[in-house]
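Just below is one structure, and these are the notes that go with it.
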Amino acid sequence: MDEHDLCMLEMRSFFGFDVPSTVLKSSIRIDPSRSAFMKERLDIMYEGNNLEEISQQVEQHDLGGFTFRVVSLNTADLGTTAKIGHPERRKIEREIGLRVNGIPELVHPPGKTFGIILLDGKWYFGKLVESESIWFQHQKKPHMYSTALSTRVARAVANIAVPHPAGVRAIDPCCGIGTVLVEALSMGINIVGRDINPRVVLGSRKNIAHFDLEGSVEIGPIAEVVDEYDVAIIDMPYNLFTHITPEAQLEILKEARRFTKKVIVVTIETIDHMVEEAGFNITDRCVAKKGHFIRQVLVCE
């Protein structure tokens, strides 16, 4: 997968570590709709060594008048835990569902969805929160250009920059048409944008408004940023209309160092020496590929 490394970096940003498996256990609660790589989250209510232990605990759960559905999540190999076949999963769902004190709903969307999963020899049951793939709706924007970040990459970059938004102020000082801004604002991240090109600033503002989001995008160079921010996201300018020199790239990084202690840099060139010269250290990184087109994502502090 071309975006595997990007997925791993996003995972490390959210949870502090990554795993080779497709399932991760953590006490950190992330809305799965934030990530293009997350499918669902199971909020564990009960755990046991076998299904009967889970069943006994589930019987104590009173849903009142709510409808519900139970979903077995072992649809693929999960690390060392082998996939459970379809007939057996249906059997597990029925067995657990019969113990739930509520109204089963198998046709229409239920009031609550529960998940049951076997992982490393233990069973877990809890509320299932499924991803809504909000980012997918942002792929068609009124204003786009071919070299802009894809929506998936932009969303991951925003998450890498601000995995936990509470109290964090962010800026995208070279925002272009606002691909990162749209994703960040849709996730409730406190971010402002800026670009030196009036035309792309107008396009950025229209893209934000198109999705009924609210965000500030100013016209002007990065040198005019006066406020301090917790983090900056810089997709180094490049396209047919922006012939940026190495000196200009270095100046952007030096200016960013003036108003933030952390910056996420997206670049098509290796600029490690510039990052260090600007006063940052690269603490994590990944490569995101799109065919033969390669971007580096650098976490700099």
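Here's how to read the names in the structure tokens: chain A, B, ... by the order shown, residue numbers from 1 in each chain, ligand numbers from 1 in the order shown.
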
Selection near A:Arg194, 8 Å with only C-alpha atoms, sequence-local residues under 6 positions removed, as a CSV table (one decimal) with N, CA, C and O atoms, in the first residue's frame:
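Output below, filename result-v5.csv:
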```csv
chain,number,residue,atom,x,y,z
A,171,ILE,N,-1.4,26.5,12.5
A,171,ILE,CA,-1.4,27.3,11.3
A,171,ILE,C,-0.8,26.6,10.1
A,171,ILE,O,0.1,25.8,10.2
A,172,ASP,N,-1.4,26.9,8.9
A,172,ASP,CA,-0.9,26.4,7.6
A,172,ASP,C,-0.5,27.7,6.9
A,172,ASP,O,-1.3,28.3,6.2
A,173,PRO,N,0.8,28.1,7.0
A,173,PRO,CA,1.2,29.4,6.4
A,173,PRO,C,1.4,29.4,4.9
A,173,PRO,O,1.7,30.5,4.3
A,174,CYS,N,1.4,28.2,4.3
A,174,CYS,CA,1.5,28.1,2.8
A,174,CYS,C,0.4,27.2,2.3
A,174,CYS,O,0.6,26.2,1.7
A,175,CYS,N,-0.9,27.6,2.6
A,175,CYS,CA,-2.0,26.7,2.6
A,175,CYS,C,-2.5,26.3,1.2
A,175,CYS,O,-3.3,25.4,1.0
A,201,VAL,N,-5.7,31.9,-2.2
A,201,VAL,CA,-6.4,32.2,-1.0
A,201,VAL,C,-7.9,32.3,-1.2
A,201,VAL,O,-8.7,31.8,-0.4
A,217,VAL,N,-8.5,32.6,6.5
A,217,VAL,CA,-7.3,32.4,5.5
A,217,VAL,C,-6.9,33.8,5.1
A,217,VAL,O,-7.7,34.6,4.5
A,218,GLU,N,-5.7,34.2,5.5
A,218,GLU,CA,-5.2,35.5,5.2
A,218,GLU,C,-4.2,35.5,4.0
A,218,GLU,O,-3.6,34.5,3.6
A,219,ILE,N,-4.1,36.7,3.3
A,219,ILE,CA,-3.2,36.9,2.2
A,219,ILE,C,-1.9,37.5,2.8
A,219,ILE,O,-1.9,38.5,3.5
A,220,GLY,N,-0.7,36.9,2.4
A,220,GLY,CA,0.5,37.4,2.9
A,220,GLY,C,1.6,36.4,3.0
A,220,GLY,O,1.3,35.2,3.2
A,221,PRO,N,2.9,36.8,3.0
A,221,PRO,CA,4.0,35.8,3.2
A,221,PRO,C,4.1,35.3,4.6
A,221,PRO,O,3.6,36.0,5.6
A,222,ILE,N,4.8,34.3,4.8
A,222,ILE,CA,5.0,33.7,6.1
A,222,ILE,C,5.7,34.6,7.0
A,222,ILE,O,5.6,34.6,8.3
```

- Please identify all polymer residues within 7 Å of A:Leu42, counting only C-alpha atoms, omitting same-chain residues fewer than 5 positions from it, and present them as JSON, numbers by chain. {"A": [115, 126, 127, 128, 129]}

- Could you pull out the residues in stretch 10-253 of chain A that DSSP calls strand (DSSP E or B) from the backbone, as a PyMOL selection string? chain A and resi 40-48+62-72+78+81+101-104+112-119+122-130+169-172+190-195+217-219+229+231-235+239+242

- Residue contacts of stretch 147-164 of chain A (8 Å, only C-alpha atoms) excluding same-chain residues fewer than 3 positions away, as a PyMOL selection string: chain A and resi 6-7+9-10+13-14+34-36+135-136+138-139+144+168+170+176-177+179-180+183-184+189+231-233+238-239+263-264+288+297+299

- Message: Please list as a PyMOL selection string every residue within 10 Å of stretch 94-103 of chain A, counting only C-alpha atoms and excluding residues in the same chain fewer than 4 positions away.
- Response: chain A and resi 51-52+54-72+88-90+110-112+114-116+125

- Tell me, which residues of stretch 16-240 of chain A carry DSSP helix (DSSP H, G or I), written as a ChimeraX atom specification? /A:32-34,51-58,86-97,134-138,151-161,179-186,198-210,222-224

- Task: May I have the residues within 12 Å of A:Ser26 as number ranges by chain, using only C-alpha atoms and disregarding those fewer than 5 positions away in the same chain?
- Result: A: 11-12, 14-19, 41-44

Would you save the residues from that selection as a compact mmCIF listing (two decimals), in the first residue's frame, using C-alpha atoms?
```
# COMPACT_ATOMS: atom_id res chain seq x y z
CA MET A 11 -0.88 5.80 14.35
CA ARG A 12 2.25 6.80 16.28
CA PHE A 14 -2.37 9.24 17.93
CA PHE A 15 -1.22 6.48 20.26
CA GLY A 16 2.53 6.88 20.78
CA PHE A 17 3.35 3.59 19.03
CA ASP A 18 2.42 1.57 15.97
CA VAL A 19 1.68 -2.10 15.36
CA ARG A 41 -13.38 1.47 17.42
CA LEU A 42 -14.57 -0.97 20.07
CA ASP A 43 -15.21 0.59 23.47
CA ILE A 44 -14.68 -2.42 25.73
```

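Between A:Met274 and the candidates A:Glu214, A:Asp31, A:Asp2, A:Glu251, the tightest atom-to-atom separation, counting only C-alpha atoms, involves A:Glu251.
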
- Query: Which polymer residues have any atom within 9 Å of an atom of A:Thr81, counting only C-alpha atoms, with same-chain residues fewer than 6 positions away left out, as a PyMOL selection string?
  - Reply: chain A and resi 74+118-121

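Atom to atom, atom CA of A:Gly291 and atom CA of A:Glu132 stand 26.8 Å apart.
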
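Closest approach to A:Glu40 among A:Ser133, A:Thr245, A:Asn207, A:Gln296: A:Ser133, based on only C-alpha atoms.
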
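Each of A:Arg169, A:His143, A:Lys261, A:Lys254 was compared to A:Arg205 using only C-alpha atoms, and A:His143 turns out to be the nearest.
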
- Task: Select, from A:Gly79, A:Gly167, A:Gly48, A:Gly188, the residue with the minimum atom-to-atom distance to A:Tyr124, counting only C-alpha atoms.
- Result: A:Gly48

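The space between atom CA of A:His273 and atom CA of A:Leu298 spans 12.4 Å.
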